[in-house]
Structures are given as C-alpha cells and as structure tokens.
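Q: So that you have it, the file is upload07.pdb, and it contains PDB, C-alpha atoms and all ligand atoms:
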```pdb
MODEL        1
ATOM      1  CA  MET A   1       0.000   0.000   0.000
ATOM      2  CA  ALA A   2       1.303   3.486  -0.809
ATOM      3  CA  PHE A   3       2.472   5.488   2.221
ATOM      4  CA  TRP A   4      -0.183   8.174   1.706
ATOM      5  CA  ASP A   5      -2.917   5.544   1.963
ATOM      6  CA  ASP A   6      -1.249   3.730   4.822
ATOM      7  CA  LYS A   7      -0.359   6.554   7.217
ATOM      8  CA  ALA A   8      -2.022   9.582   8.735
ATOM      9  CA  LEU A   9      -0.600  12.967   7.678
ATOM     10  CA  ALA A  10       0.918  13.363  11.147
ATOM     11  CA  GLU A  11       2.953  10.182  10.616
ATOM     12  CA  PHE A  12       4.639  11.337   7.405
ATOM     13  CA  ASP A  13       8.357  11.959   7.586
ATOM     14  CA  GLN A  14       9.739  15.123   6.007
ATOM     15  CA  ALA A  15      10.422  13.511   2.628
ATOM     16  CA  GLU A  16       6.910  12.042   2.481
ATOM     17  CA  TRP A  17       5.371  15.363   3.482
ATOM     18  CA  GLU A  18       7.221  17.160   0.689
ATOM     19  CA  ALA A  19       6.430  14.444  -1.863
ATOM     20  CA  VAL A  20       2.704  14.723  -1.244
ATOM     21  CA  CYS A  21       2.560  18.353  -2.346
ATOM     22  CA  ASP A  22       1.145  18.120  -5.878
ATOM     23  CA  GLY A  23       2.963  21.225  -7.110
ATOM     24  CA  CYS A  24      -0.216  22.924  -8.310
ATOM     25  CA  ALA A  25       1.003  26.282  -6.905
ATOM     26  CA  ARG A  26      -2.575  27.304  -6.175
ATOM     27  CA  CYS A  27      -1.469  28.252  -2.667
ATOM     28  CA  CYS A  28       0.947  30.743  -4.259
ATOM     29  CA  LEU A  29      -1.954  32.759  -5.671
ATOM     30  CA  LYS A  30      -2.719  36.069  -4.016
ATOM     31  CA  LYS A  31      -5.931  36.027  -2.040
ATOM     32  CA  LEU A  32      -8.322  38.669  -0.782
ATOM     33  CA  GLN A  33     -10.457  38.376   2.311
ATOM     34  CA  ASP A  34     -13.769  40.115   2.944
ATOM     35  CA  GLU A  35     -13.305  41.933   6.258
ATOM     36  CA  ASP A  36     -16.939  41.417   7.277
ATOM     37  CA  THR A  37     -17.596  37.822   6.236
ATOM     38  CA  GLU A  38     -13.954  36.608   6.342
ATOM     39  CA  GLU A  39     -14.660  34.864   3.050
ATOM     40  CA  VAL A  40     -11.507  34.251   0.999
ATOM     41  CA  TYR A  41     -11.289  34.951  -2.727
ATOM     42  CA  TYR A  42      -8.536  33.722  -4.998
ATOM     43  CA  THR A  43      -7.047  35.916  -7.707
ATOM     44  CA  ALA A  44      -5.143  35.055 -10.888
ATOM     45  CA  VAL A  45      -2.150  36.951  -9.525
ATOM     46  CA  VAL A  46       0.692  34.824  -8.288
ATOM     47  CA  CYS A  47       3.697  35.351  -6.032
ATOM     48  CA  ARG A  48       6.636  37.035  -7.730
ATOM     49  CA  TYR A  49       8.898  34.094  -6.854
ATOM     50  CA  LEU A  50       6.944  31.456  -8.730
ATOM     51  CA  ASP A  51       8.385  30.136 -11.976
ATOM     52  CA  ILE A  52       5.072  30.308 -13.818
ATOM     53  CA  ASP A  53       6.050  27.925 -16.611
ATOM     54  CA  ARG A  54       7.230  25.127 -14.323
ATOM     55  CA  CYS A  55       5.036  26.003 -11.309
ATOM     56  CA  ARG A  56       8.059  25.874  -9.070
ATOM     57  CA  CYS A  57       9.119  28.192  -6.280
ATOM     58  CA  THR A  58      12.431  29.811  -7.215
ATOM     59  CA  VAL A  59      13.381  30.586  -3.613
ATOM     60  CA  TYR A  60      12.170  27.481  -1.829
ATOM     61  CA  PRO A  61      14.780  27.342   0.990
ATOM     62  CA  ASP A  62      14.317  31.061   1.716
ATOM     63  CA  ARG A  63      10.610  31.365   0.985
ATOM     64  CA  HIS A  64       9.449  32.136   4.514
ATOM     65  CA  ARG A  65      12.088  34.814   4.993
ATOM     66  CA  LEU A  66      11.267  36.479   1.684
ATOM     67  CA  VAL A  67       7.479  36.172   1.724
ATOM     68  CA  SER A  68       5.850  36.660   5.107
ATOM     69  CA  ASP A  69       2.540  35.056   4.131
ATOM     70  CA  CYS A  70       4.048  32.130   2.222
ATOM     71  CA  ILE A  71       2.205  29.001   3.284
ATOM     72  CA  ARG A  72       3.617  27.293   6.374
ATOM     73  CA  PHE A  73       1.727  24.409   7.918
ATOM     74  CA  ASN A  74       1.905  20.921   9.297
ATOM     75  CA  ALA A  75      -0.513  18.051   9.665
ATOM     76  CA  GLY A  76      -2.258  19.607  12.651
ATOM     77  CA  ASP A  77      -3.036  22.801  10.750
ATOM     78  CA  VAL A  78      -4.755  21.384   7.676
ATOM     79  CA  ASP A  79      -8.274  21.287   9.116
ATOM     80  CA  ALA A  80      -8.008  24.902  10.242
ATOM     81  CA  MET A  81      -6.797  26.134   6.867
ATOM     82  CA  THR A  82     -10.225  26.379   5.348
ATOM     83  CA  TRP A  83      -8.899  28.561   2.543
ATOM     84  CA  LEU A  84      -6.768  25.761   1.065
ATOM     85  CA  PRO A  85      -7.998  24.708  -2.378
ATOM     86  CA  LYS A  86     -10.288  21.698  -2.280
ATOM     87  CA  SER A  87      -7.853  20.057  -4.694
ATOM     88  CA  CYS A  88      -4.844  20.494  -2.338
ATOM     89  CA  ALA A  89      -3.293  17.101  -1.687
ATOM     90  CA  TYR A  90      -2.961  17.734   2.045
ATOM     91  CA  ARG A  91      -6.586  18.723   2.328
ATOM     92  CA  ARG A  92      -7.683  15.720   0.286
ATOM     93  CA  LEU A  93      -5.787  13.359   2.575
ATOM     94  CA  ALA A  94      -6.966  15.114   5.744
ATOM     95  CA  GLU A  95     -10.562  14.744   4.517
ATOM     96  CA  GLY A  96     -10.110  11.074   3.604
ATOM     97  CA  ARG A  97     -10.476  11.675  -0.145
ATOM     98  CA  GLY A  98      -7.108  10.175  -1.108
ATOM     99  CA  LEU A  99      -4.873  11.541  -3.840
ATOM    100  CA  ALA A 100      -6.385  12.328  -7.228
ATOM    101  CA  GLN A 101      -5.477  10.401 -10.375
ATOM    102  CA  TRP A 102      -3.724  13.522 -11.649
ATOM    103  CA  HIS A 103      -1.426  13.695  -8.627
ATOM    104  CA  PRO A 104       2.249  13.365  -9.731
ATOM    105  CA  LEU A 105       2.755  10.358  -7.434
ATOM    106  CA  ILE A 106       0.000   8.526  -9.317
ATOM    107  CA  GLY A 107      -0.300  10.022 -12.789
ATOM    108  CA  GLY A 108       3.328  11.051 -13.349
ATOM    109  CA  PRO A 109       4.921  14.509 -13.541
ATOM    110  CA  ASN A 110       2.776  15.899 -16.365
ATOM    111  CA  ALA A 111      -0.625  14.720 -15.201
ATOM    112  CA  ILE A 112      -1.306  17.798 -13.102
ATOM    113  CA  PHE A 113      -0.663  20.049 -16.097
ATOM    114  CA  GLU A 114      -2.745  17.920 -18.452
ATOM    115  CA  ALA A 115      -5.639  17.903 -15.978
ATOM    116  CA  GLY A 116      -5.548  21.700 -15.734
ATOM    117  CA  ILE A 117      -5.095  21.676 -11.971
ATOM    118  CA  SER A 118      -1.856  23.631 -11.849
ATOM    119  CA  VAL A 119      -1.798  27.408 -12.301
ATOM    120  CA  GLN A 120       0.349  27.020 -15.408
ATOM    121  CA  GLY A 121      -0.800  29.211 -18.291
ATOM    122  CA  ARG A 122      -3.525  31.108 -16.461
ATOM    123  CA  VAL A 123      -1.879  33.455 -14.003
ATOM    124  CA  ILE A 124       0.106  36.665 -13.961
ATOM    125  CA  SER A 125       2.980  37.583 -11.637
ATOM    126  CA  GLU A 126       2.339  40.145  -8.924
ATOM    127  CA  GLU A 127       5.257  42.053 -10.431
ATOM    128  CA  HIS A 128       2.846  43.233 -13.118
ATOM    129  CA  VAL A 129      -0.205  43.982 -10.993
ATOM    130  CA  ALA A 130      -0.699  46.846  -8.549
ATOM    131  CA  GLU A 131      -2.118  45.954  -5.131
ATOM    132  CA  GLU A 132      -5.279  47.996  -5.792
ATOM    133  CA  GLU A 133      -5.898  46.058  -9.020
ATOM    134  CA  LEU A 134      -6.119  42.675  -7.286
ATOM    135  CA  GLU A 135      -9.883  42.977  -6.989
ATOM    136  CA  ASP A 136     -10.125  42.980 -10.783
ATOM    137  CA  SER A 137      -8.392  39.599 -10.966
ATOM    138  CA  LEU A 138     -10.758  37.382  -8.962
ATOM    139  CA  ILE A 139     -11.106  33.838 -10.311
ATOM    140  CA  SER A 140     -13.627  31.053  -9.868
ATOM    141  CA  TRP A 141     -11.516  28.064 -10.962
ATOM    142  CA  VAL A 142     -10.065  27.488  -7.508
ATOM    143  CA  GLU A 143     -12.708  25.833  -5.374
ATOM    144  CA  ILE A 144     -12.282  26.227  -1.631
TER     145      ILE A 144
HETATM  146  S1  LIG B   1      -2.241  23.867  -2.857
HETATM  147 FE1  LIG B   1      -1.493  22.180  -1.585
HETATM  148  S2  LIG B   1      -0.811  20.609  -3.020
HETATM  149 FE2  LIG B   1      -0.988  22.525  -4.193
HETATM  150  S3  LIG B   1       1.074  23.413  -4.137
HETATM  151 FE3  LIG B   1      -0.077  24.257  -2.406
HETATM  152  S4  LIG B   1       0.403  22.929  -0.644
HETATM  153 FE4  LIG B   1       0.988  21.822  -2.525
HETATM  154  S1  LIG B   2       7.711  32.110  -1.916
HETATM  155 FE1  LIG B   2       7.550  30.330  -3.245
HETATM  156  S2  LIG B   2       6.202  28.872  -2.201
HETATM  157 FE2  LIG B   2       5.970  30.900  -1.212
HETATM  158  S3  LIG B   2       4.176  31.844  -2.237
HETATM  159 FE3  LIG B   2       6.030  32.519  -3.325
HETATM  160  S4  LIG B   2       6.329  31.061  -5.006
HETATM  161 FE4  LIG B   2       4.879  30.135  -3.544
ENDMDL
END
```
How would this structure read if it were set down as structure tokens?

A:
Amino acid sequence: MAFWDDKALAEFDQAEWEAVCDGCARCCLKKLQDEDTEEVYYTAVVCRYLDIDRCRCTVYPDRHRLVSDCIRFNAGDVDAMTWLPKSCAYRRLAEGRGLAQWHPLIGGPNAIFEAGISVQGRVISEEHVAEEELEDSLISWVEI
C-alpha cells in the first residue's frame, strides 16, 4: 500500500510530506479576504517568486524569509486552513479523499498540467499587478 494511503498525515516523515505536495502552486496565488464575512477569494495573480512555466518556487529554501505570508503548515493545521484549495493534496488526505489520479505520485509529472489543476498558463505575476488592481483579478476556478 502506498504510504499516503497507509499513514495519517501526522505520521509522514519530512520527505513524504514534501512528496505529497502536488505542485499545483494554487497556494501561491494572491488572495483577498472580505473583512466582514472573512470569506476568501482567490485571484489570478501569483507570487513574484513562482516560476510560472514550471510552477516551481524559485526561492524554496528562503521562501518564509522572503514572503511573510508564504504558506507554512503541518498536519495539525490542515483542518483549520479552510482557505486551502479543495484540490490540495494535504486537504484531500486530511478529509479522507485520497490523492487524485492527476497527482504526480499517481499520474506522473505531467498529469497535473494535463488535468488543468496547476496554475500554469492562467496566471500573472504580482510584479505586473498593482495591489489595488487585485480585486479585478478574482477567479472562480479554484474551489475552496
Ligand atoms: S495547494 Fe497544496 S498541493 Fe498545491 S502546491 Fe499548495 S500545498 Fe501543494
Ligand atoms: S515564496 Fe515560493 S512557495 Fe511561497 S508563495 Fe512565493 S512562489 Fe509560492
């Protein structure tokens, strides 16, 4: 049985935890939150440090120093992070939904691109968008 089906998230070692990330980069999208309802909205604007073509962080070892709101979580946090995309591998496992067929560990490295789950080809870097223009970039293709 594959480790992700056999163990709870809290039992993953560091290598397993990293391997389960599907590399969609949806968590690297800028988000807006309604101050009254606390509802979170995703935008098509992505962190300046994402390699948009490969959907890879270009500063991975330094990401938390360079980007204060870069995602940082462990197994115990997943339930509380209600803004994570429904497709996020950690959320799927925490909710008992297993990994999707397009997950790289199952479908191979290109499956996530072919399934249209990654942000590849549909986002713009924050380098080209002013903060006040974020509201004009809301998207509906990330389900929370
Ligand atoms: S949304 Fe989840 S699976 Fe996708 S890149 Fe972020 S942490 Fe990894
Ligand atoms: S620093 Fe890297 S991992 Fe963090 S939001 Fe930016 S691109 Fe994503």

Q: Listing only residues of segment 7-91 of chain A within 8 Å of segment 114-131 of chain A, what is the closest atom pair and its distance in Å (to one decimal) for each, using all atoms listed in the file, sorted by chain and residue number ascending, as JSON lines?

A:
```
{"residue": "A:Gly23", "atom": "CA", "partner": "A:Ser118", "partner_atom": "CA", "distance": 7.2}
{"residue": "A:Cys24", "atom": "CA", "partner": "A:Ser118", "partner_atom": "CA", "distance": 4.0}
{"residue": "A:Ala25", "atom": "CA", "partner": "A:Val119", "partner_atom": "CA", "distance": 6.2}
{"residue": "A:Arg26", "atom": "CA", "partner": "A:Val119", "partner_atom": "CA", "distance": 6.2}
{"residue": "A:Ala44", "atom": "CA", "partner": "A:Val123", "partner_atom": "CA", "distance": 4.8}
{"residue": "A:Val45", "atom": "CA", "partner": "A:Ile124", "partner_atom": "CA", "distance": 5.0}
{"residue": "A:Val46", "atom": "CA", "partner": "A:Ser125", "partner_atom": "CA", "distance": 4.9}
{"residue": "A:Cys47", "atom": "CA", "partner": "A:Glu126", "partner_atom": "CA", "distance": 5.8}
{"residue": "A:Arg48", "atom": "CA", "partner": "A:Ser125", "partner_atom": "CA", "distance": 5.4}
{"residue": "A:Leu50", "atom": "CA", "partner": "A:Ser125", "partner_atom": "CA", "distance": 7.9}
{"residue": "A:Ile52", "atom": "CA", "partner": "A:Gln120", "partner_atom": "CA", "distance": 6.0}
{"residue": "A:Asp53", "atom": "CA", "partner": "A:Gln120", "partner_atom": "CA", "distance": 5.9}
{"residue": "A:Arg54", "atom": "CA", "partner": "A:Gln120", "partner_atom": "CA", "distance": 7.2}
{"residue": "A:Cys55", "atom": "CA", "partner": "A:Gln120", "partner_atom": "CA", "distance": 6.3}
{"residue": "A:Ser87", "atom": "CA", "partner": "A:Ile117", "partner_atom": "CA", "distance": 7.9}
```

Q: Export, as a JSON list (two decimals), in the frame of the given file, the selected residues with C-alpha atoms.

A:
```
[["chain", "number", "residue", "atom", "x", "y", "z"],
["A", 23, "GLY", "CA", 2.96, 21.22, -7.11],
["A", 24, "CYS", "CA", -0.22, 22.92, -8.31],
["A", 25, "ALA", "CA", 1.00, 26.28, -6.90],
["A", 26, "ARG", "CA", -2.58, 27.30, -6.18],
["A", 44, "ALA", "CA", -5.14, 35.06, -10.89],
["A", 45, "VAL", "CA", -2.15, 36.95, -9.52],
["A", 46, "VAL", "CA", 0.69, 34.82, -8.29],
["A", 47, "CYS", "CA", 3.70, 35.35, -6.03],
["A", 48, "ARG", "CA", 6.64, 37.03, -7.73],
["A", 50, "LEU", "CA", 6.94, 31.46, -8.73],
["A", 52, "ILE", "CA", 5.07, 30.31, -13.82],
["A", 53, "ASP", "CA", 6.05, 27.92, -16.61],
["A", 54, "ARG", "CA", 7.23, 25.13, -14.32],
["A", 55, "CYS", "CA", 5.04, 26.00, -11.31],
["A", 87, "SER", "CA", -7.85, 20.06, -4.69]]
```

Q: Residues within 12 Å of ligand LIG 1 (chain B) (only C-alpha atoms and all ligand atoms), as a count of residues only?

A: 54

Q: Check which residues satisfy the PyMOL selection byres (((chain A and resi 138) around 9) and not hetatm) in the file shown, then give them as a list in words.

A: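 Matching residues under the PyMOL selection byres (((chain A and resi 138) around 9) and not hetatm) are Lys31, Leu32, Tyr41, Tyr42, Thr43, Ala44, Val45, Leu134, Glu135, Asp136, Ser137, Ile139 and Ser140 of chain A.
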
Q: Expressed in Å to a single decimal, how great is the separation between atom CA of Gly76 of chain A and atom CA of His64 of chain A?

A: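 Value for the atom CA of Gly76 of chain A-atom CA of His64 of chain A distance: 19.0 Å.
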
Q: Using Å and a single decimal, report how far atom CA of Tyr49 of chain A sits from atom S4 of ligand LIG 2 (chain B).

A: 4.4 Å

Q: Atom CA of Arg97 of chain A and atom CA of Trp4 of chain A are how many Å apart?

A: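 Answer for the atom CA of Arg97 of chain A to atom CA of Trp4 of chain A separation: 11.0 Å.
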
Q: Taking all atoms of ligand LIG 2 (chain B) that the file lists and extending 6 Å past them on each side, where is the centre of the axis-aligned box and how long are its edges? Answer in Å to one decimal, as lines of an AutoDock Vina configuration file.

A:
```
center_x = 5.9
center_y = 30.7
center_z = -3.1
size_x = 15.5
size_y = 15.6
size_z = 15.8
```

Q: Would you mind telling me which residue in A:Glu95, A:Asp6, A:Asp79, A:Asp69 lies nearest to Lys30 of chain A when using all atoms listed in the file?

A: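 For Lys30 of chain A, the nearest of the given residues is A:Asp69.
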
Q: Find the residue from A:Arg65, A:Ala10, A:Asp5, A:Thr37 that sits nearest to ligand LIG 2 (chain B); use all atoms listed in the file when measuring.

A: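 So, comparing all the options, the nearest one is A:Arg65.
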